[in-house]
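**Q** Got a structure for you, questions after.
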Amino acid sequence: AYYFPTDPAVDAAAGNAVIQAANNDAHLFALMIPGAALVLLGTVLQCVGLLRSRAVPKWVPIAALTIVLTFVIPGNGLAGLLTSIPMAAAGIGLGYCAWRSSAAAV
């Protein structure tokens with residue numbers, strides 16, 4: 001919806017009109033909300049599984065649970081940065097634990 005109106009060959013006024021029409025149409029966002037909710041549910045279930053299995057240190061799934069905060073706190077500015085740091089650390093920690101266990105198996 002946003003790719004074609006930004007083509008340099010399209011008149012700027014026509015492209016702007018298409019983008020404004022897309023922004024005002026709730027149908028485009030109808031699938032984004034359930035998709036985001038499924039990502040949230042999947043991450044929470046993954047964190048519960050990681051906590052119960054004790055496959056990784058406890059801080060990894062706990063840090064990954066900060067994704068719940070992103071549904072309440074805006075994702076831009078300093079607040080967005082502060083909520084993304086623990087999620088990034090959890091991703092790095094999960095990758096490190098997976099790498100460490102695969103290196104030990106070889």
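Order determines the names: the first chain of the structure tokens is A, the second B, and so forth; residues in each chain are numbered 1 upward, and ligands are numbered 1 upward as they are shown.
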Pick out the residues sitting within 12 Å of stretch 22-24 of chain A, and hand them over as a PDB file with all heavy atoms, in the first residue's frame; count only C-alpha atoms, and ignore anything fewer than 4 positions along from it in its own chain.
**A**
```pdb
ATOM      1  N   ALA A   1       0.819  -1.199   0.000  1.00  0.00           N
ATOM      2  CA  ALA A   1       0.000   0.000   0.000  1.00  0.00           C
ATOM      3  C   ALA A   1       0.861   1.261   0.000  1.00  0.00           C
ATOM      4  O   ALA A   1       0.426   2.287  -0.480  1.00  0.00           O
ATOM      5  CB  ALA A   1      -0.913  -0.010   1.218  1.00  0.00           C
ATOM      6  N   TYR A   2       2.051   1.175   0.542  1.00  0.00           N
ATOM      7  CA  TYR A   2       2.903   2.359   0.612  1.00  0.00           C
ATOM      8  C   TYR A   2       4.024   2.348  -0.431  1.00  0.00           C
ATOM      9  O   TYR A   2       4.704   3.339  -0.606  1.00  0.00           O
ATOM     10  CB  TYR A   2       3.523   2.481   2.003  1.00  0.00           C
ATOM     11  CG  TYR A   2       2.500   2.732   3.075  1.00  0.00           C
ATOM     12  CD1 TYR A   2       2.120   1.746   3.960  1.00  0.00           C
ATOM     13  CD2 TYR A   2       1.900   3.978   3.183  1.00  0.00           C
ATOM     14  CE1 TYR A   2       1.176   1.982   4.935  1.00  0.00           C
ATOM     15  CE2 TYR A   2       0.947   4.221   4.152  1.00  0.00           C
ATOM     16  CZ  TYR A   2       0.592   3.225   5.020  1.00  0.00           C
ATOM     17  OH  TYR A   2      -0.349   3.460   5.970  1.00  0.00           O
ATOM     18  N   TYR A   3       4.212   1.236  -1.120  1.00  0.00           N
ATOM     19  CA  TYR A   3       5.318   1.133  -2.071  1.00  0.00           C
ATOM     20  C   TYR A   3       5.043   1.906  -3.359  1.00  0.00           C
ATOM     21  O   TYR A   3       5.841   2.750  -3.768  1.00  0.00           O
ATOM     22  CB  TYR A   3       5.593  -0.342  -2.387  1.00  0.00           C
ATOM     23  CG  TYR A   3       6.638  -0.551  -3.434  1.00  0.00           C
ATOM     24  CD1 TYR A   3       7.968  -0.365  -3.135  1.00  0.00           C
ATOM     25  CD2 TYR A   3       6.292  -0.901  -4.741  1.00  0.00           C
ATOM     26  CE1 TYR A   3       8.945  -0.550  -4.106  1.00  0.00           C
ATOM     27  CE2 TYR A   3       7.250  -1.093  -5.709  1.00  0.00           C
ATOM     28  CZ  TYR A   3       8.568  -0.917  -5.387  1.00  0.00           C
ATOM     29  OH  TYR A   3       9.523  -1.085  -6.343  1.00  0.00           O
ATOM     30  N   PHE A   4       3.935   1.628  -4.001  1.00  0.00           N
ATOM     31  CA  PHE A   4       3.655   2.215  -5.311  1.00  0.00           C
ATOM     32  C   PHE A   4       3.430   3.726  -5.258  1.00  0.00           C
ATOM     33  O   PHE A   4       3.880   4.433  -6.159  1.00  0.00           O
ATOM     34  CB  PHE A   4       2.483   1.498  -5.983  1.00  0.00           C
ATOM     35  CG  PHE A   4       2.814   0.085  -6.339  1.00  0.00           C
ATOM     36  CD1 PHE A   4       2.267  -0.974  -5.623  1.00  0.00           C
ATOM     37  CD2 PHE A   4       3.701  -0.201  -7.363  1.00  0.00           C
ATOM     38  CE1 PHE A   4       2.581  -2.277  -5.944  1.00  0.00           C
ATOM     39  CE2 PHE A   4       4.026  -1.507  -7.692  1.00  0.00           C
ATOM     40  CZ  PHE A   4       3.460  -2.548  -6.975  1.00  0.00           C
ATOM     41  N   PRO A   5       2.748   4.274  -4.248  1.00  0.00           N
ATOM     42  CA  PRO A   5       2.558   5.734  -4.240  1.00  0.00           C
ATOM     43  C   PRO A   5       3.857   6.523  -4.035  1.00  0.00           C
ATOM     44  O   PRO A   5       3.906   7.703  -4.331  1.00  0.00           O
ATOM     45  CB  PRO A   5       1.614   5.980  -3.062  1.00  0.00           C
ATOM     46  CG  PRO A   5       0.956   4.690  -2.799  1.00  0.00           C
ATOM     47  CD  PRO A   5       1.921   3.638  -3.226  1.00  0.00           C
ATOM     48  N   GLY A  15       0.350  10.521  -5.254  1.00  0.00           N
ATOM     49  CA  GLY A  15       0.910   9.585  -4.278  1.00  0.00           C
ATOM     50  C   GLY A  15       0.492   9.935  -2.858  1.00  0.00           C
ATOM     51  O   GLY A  15       0.156   9.059  -2.064  1.00  0.00           O
ATOM     52  N   ASN A  16       0.504  11.231  -2.557  1.00  0.00           N
ATOM     53  CA  ASN A  16       0.089  11.677  -1.231  1.00  0.00           C
ATOM     54  C   ASN A  16      -1.383  11.356  -0.985  1.00  0.00           C
ATOM     55  O   ASN A  16      -1.769  10.955   0.113  1.00  0.00           O
ATOM     56  CB  ASN A  16       0.345  13.174  -1.069  1.00  0.00           C
ATOM     57  CG  ASN A  16       0.178  13.626   0.361  1.00  0.00           C
ATOM     58  OD1 ASN A  16       0.298  12.830   1.287  1.00  0.00           O
ATOM     59  ND2 ASN A  16      -0.107  14.902   0.547  1.00  0.00           N
ATOM     60  N   ALA A  17      -2.217  11.509  -2.005  1.00  0.00           N
ATOM     61  CA  ALA A  17      -3.637  11.195  -1.866  1.00  0.00           C
ATOM     62  C   ALA A  17      -3.853   9.703  -1.595  1.00  0.00           C
ATOM     63  O   ALA A  17      -4.693   9.326  -0.767  1.00  0.00           O
ATOM     64  CB  ALA A  17      -4.393  11.615  -3.121  1.00  0.00           C
ATOM     65  N   VAL A  18      -3.077   8.848  -2.254  1.00  0.00           N
ATOM     66  CA  VAL A  18      -3.202   7.402  -2.030  1.00  0.00           C
ATOM     67  C   VAL A  18      -2.760   7.046  -0.612  1.00  0.00           C
ATOM     68  O   VAL A  18      -3.413   6.257   0.085  1.00  0.00           O
ATOM     69  CB  VAL A  18      -2.388   6.614  -3.076  1.00  0.00           C
ATOM     70  CG1 VAL A  18      -2.325   5.139  -2.730  1.00  0.00           C
ATOM     71  CG2 VAL A  18      -2.973   6.814  -4.454  1.00  0.00           C
ATOM     72  N   LEU A  28      -6.657  -1.868   6.452  1.00  0.00           N
ATOM     73  CA  LEU A  28      -5.241  -2.202   6.341  1.00  0.00           C
ATOM     74  C   LEU A  28      -4.660  -2.633   7.682  1.00  0.00           C
ATOM     75  O   LEU A  28      -3.720  -3.421   7.734  1.00  0.00           O
ATOM     76  CB  LEU A  28      -4.451  -1.003   5.801  1.00  0.00           C
ATOM     77  CG  LEU A  28      -4.680  -0.653   4.345  1.00  0.00           C
ATOM     78  CD1 LEU A  28      -3.907   0.599   3.979  1.00  0.00           C
ATOM     79  CD2 LEU A  28      -4.255  -1.805   3.456  1.00  0.00           C
ATOM     80  N   PHE A  29      -5.204  -2.103   8.751  1.00  0.00           N
ATOM     81  CA  PHE A  29      -4.677  -2.404  10.077  1.00  0.00           C
ATOM     82  C   PHE A  29      -5.418  -3.567  10.741  1.00  0.00           C
ATOM     83  O   PHE A  29      -5.061  -3.981  11.839  1.00  0.00           O
ATOM     84  CB  PHE A  29      -4.748  -1.162  10.956  1.00  0.00           C
ATOM     85  CG  PHE A  29      -3.984  -0.014  10.385  1.00  0.00           C
ATOM     86  CD1 PHE A  29      -4.641   1.068   9.828  1.00  0.00           C
ATOM     87  CD2 PHE A  29      -2.608  -0.026  10.371  1.00  0.00           C
ATOM     88  CE1 PHE A  29      -3.928   2.127   9.287  1.00  0.00           C
ATOM     89  CE2 PHE A  29      -1.881   1.018   9.829  1.00  0.00           C
ATOM     90  CZ  PHE A  29      -2.548   2.093   9.285  1.00  0.00           C
TER      91      PHE A  29
END
```
**Q** A:Val39: which residues within 12 Å, counting only C-alpha atoms, same-chain residues fewer than 5 positions away excluded, as a PDB file with N, CA and C atoms, in the first residue's frame?
**A**
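What landed in around.pdb:
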```
ATOM      1  N   MET A  32      -3.071  -6.428  11.327  1.00  0.00           N
ATOM      2  CA  MET A  32      -1.883  -6.124  12.126  1.00  0.00           C
ATOM      3  C   MET A  32      -2.134  -6.342  13.614  1.00  0.00           C
ATOM      4  N   ILE A  33      -3.315  -6.021  14.085  1.00  0.00           N
ATOM      5  CA  ILE A  33      -3.616  -6.160  15.514  1.00  0.00           C
ATOM      6  C   ILE A  33      -3.632  -7.634  15.926  1.00  0.00           C
ATOM      7  N   PRO A  34      -4.352  -8.520  15.226  1.00  0.00           N
ATOM      8  CA  PRO A  34      -4.268  -9.933  15.617  1.00  0.00           C
ATOM      9  C   PRO A  34      -2.859 -10.503  15.452  1.00  0.00           C
ATOM     10  N   VAL A  44       5.254 -14.939  25.052  1.00  0.00           N
ATOM     11  CA  VAL A  44       4.960 -15.285  26.446  1.00  0.00           C
ATOM     12  C   VAL A  44       5.012 -16.800  26.635  1.00  0.00           C
ATOM     13  N   LEU A  45       4.426 -17.555  25.702  1.00  0.00           N
ATOM     14  CA  LEU A  45       4.472 -19.016  25.797  1.00  0.00           C
ATOM     15  C   LEU A  45       5.902 -19.541  25.694  1.00  0.00           C
ATOM     16  N   GLN A  46       6.694 -18.940  24.826  1.00  0.00           N
ATOM     17  CA  GLN A  46       8.095 -19.341  24.708  1.00  0.00           C
ATOM     18  C   GLN A  46       8.839 -19.059  26.006  1.00  0.00           C
ATOM     19  N   LEU A  65      10.315 -11.098  28.306  1.00  0.00           N
ATOM     20  CA  LEU A  65       8.940 -10.747  28.665  1.00  0.00           C
ATOM     21  C   LEU A  65       8.688  -9.242  28.643  1.00  0.00           C
ATOM     22  N   ILE A  67       8.555  -7.610  26.221  1.00  0.00           N
ATOM     23  CA  ILE A  67       7.742  -7.333  25.028  1.00  0.00           C
ATOM     24  C   ILE A  67       6.334  -6.922  25.435  1.00  0.00           C
ATOM     25  N   VAL A  68       5.868  -7.390  26.593  1.00  0.00           N
ATOM     26  CA  VAL A  68       4.539  -7.026  27.078  1.00  0.00           C
ATOM     27  C   VAL A  68       4.461  -5.509  27.296  1.00  0.00           C
ATOM     28  N   THR A  70       5.822  -3.237  25.572  1.00  0.00           N
ATOM     29  CA  THR A  70       5.741  -2.495  24.310  1.00  0.00           C
ATOM     30  C   THR A  70       4.305  -2.317  23.841  1.00  0.00           C
ATOM     31  N   PHE A  71       3.372  -3.059  24.413  1.00  0.00           N
ATOM     32  CA  PHE A  71       1.970  -2.867  24.072  1.00  0.00           C
ATOM     33  C   PHE A  71       1.340  -1.744  24.882  1.00  0.00           C
TER      34      PHE A  71
END
```
**Q** Compare A:Ile19, A:Pro57, A:Arg52, A:Ala37 by their minimum atom-to-atom distance to A:Gly93, counting only C-alpha atoms, and give me the closest one.
**A**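 Of the candidates, the smallest distance to A:Gly93 is held by A:Pro57.
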**Q** Find the spatial neighbours of A:Ala64, counting only C-alpha atoms, within a cut-off of 6 Å - ignore same-chain residues fewer than 2 positions away - and output them as a PyMOL selection string.
**A** chain A and resi 61-62+66+87+90
**Q** Which distance in Å separates atom CA of A:Val60 and atom CA of A:Leu94, to one decimal?
**A** 6.5 Å
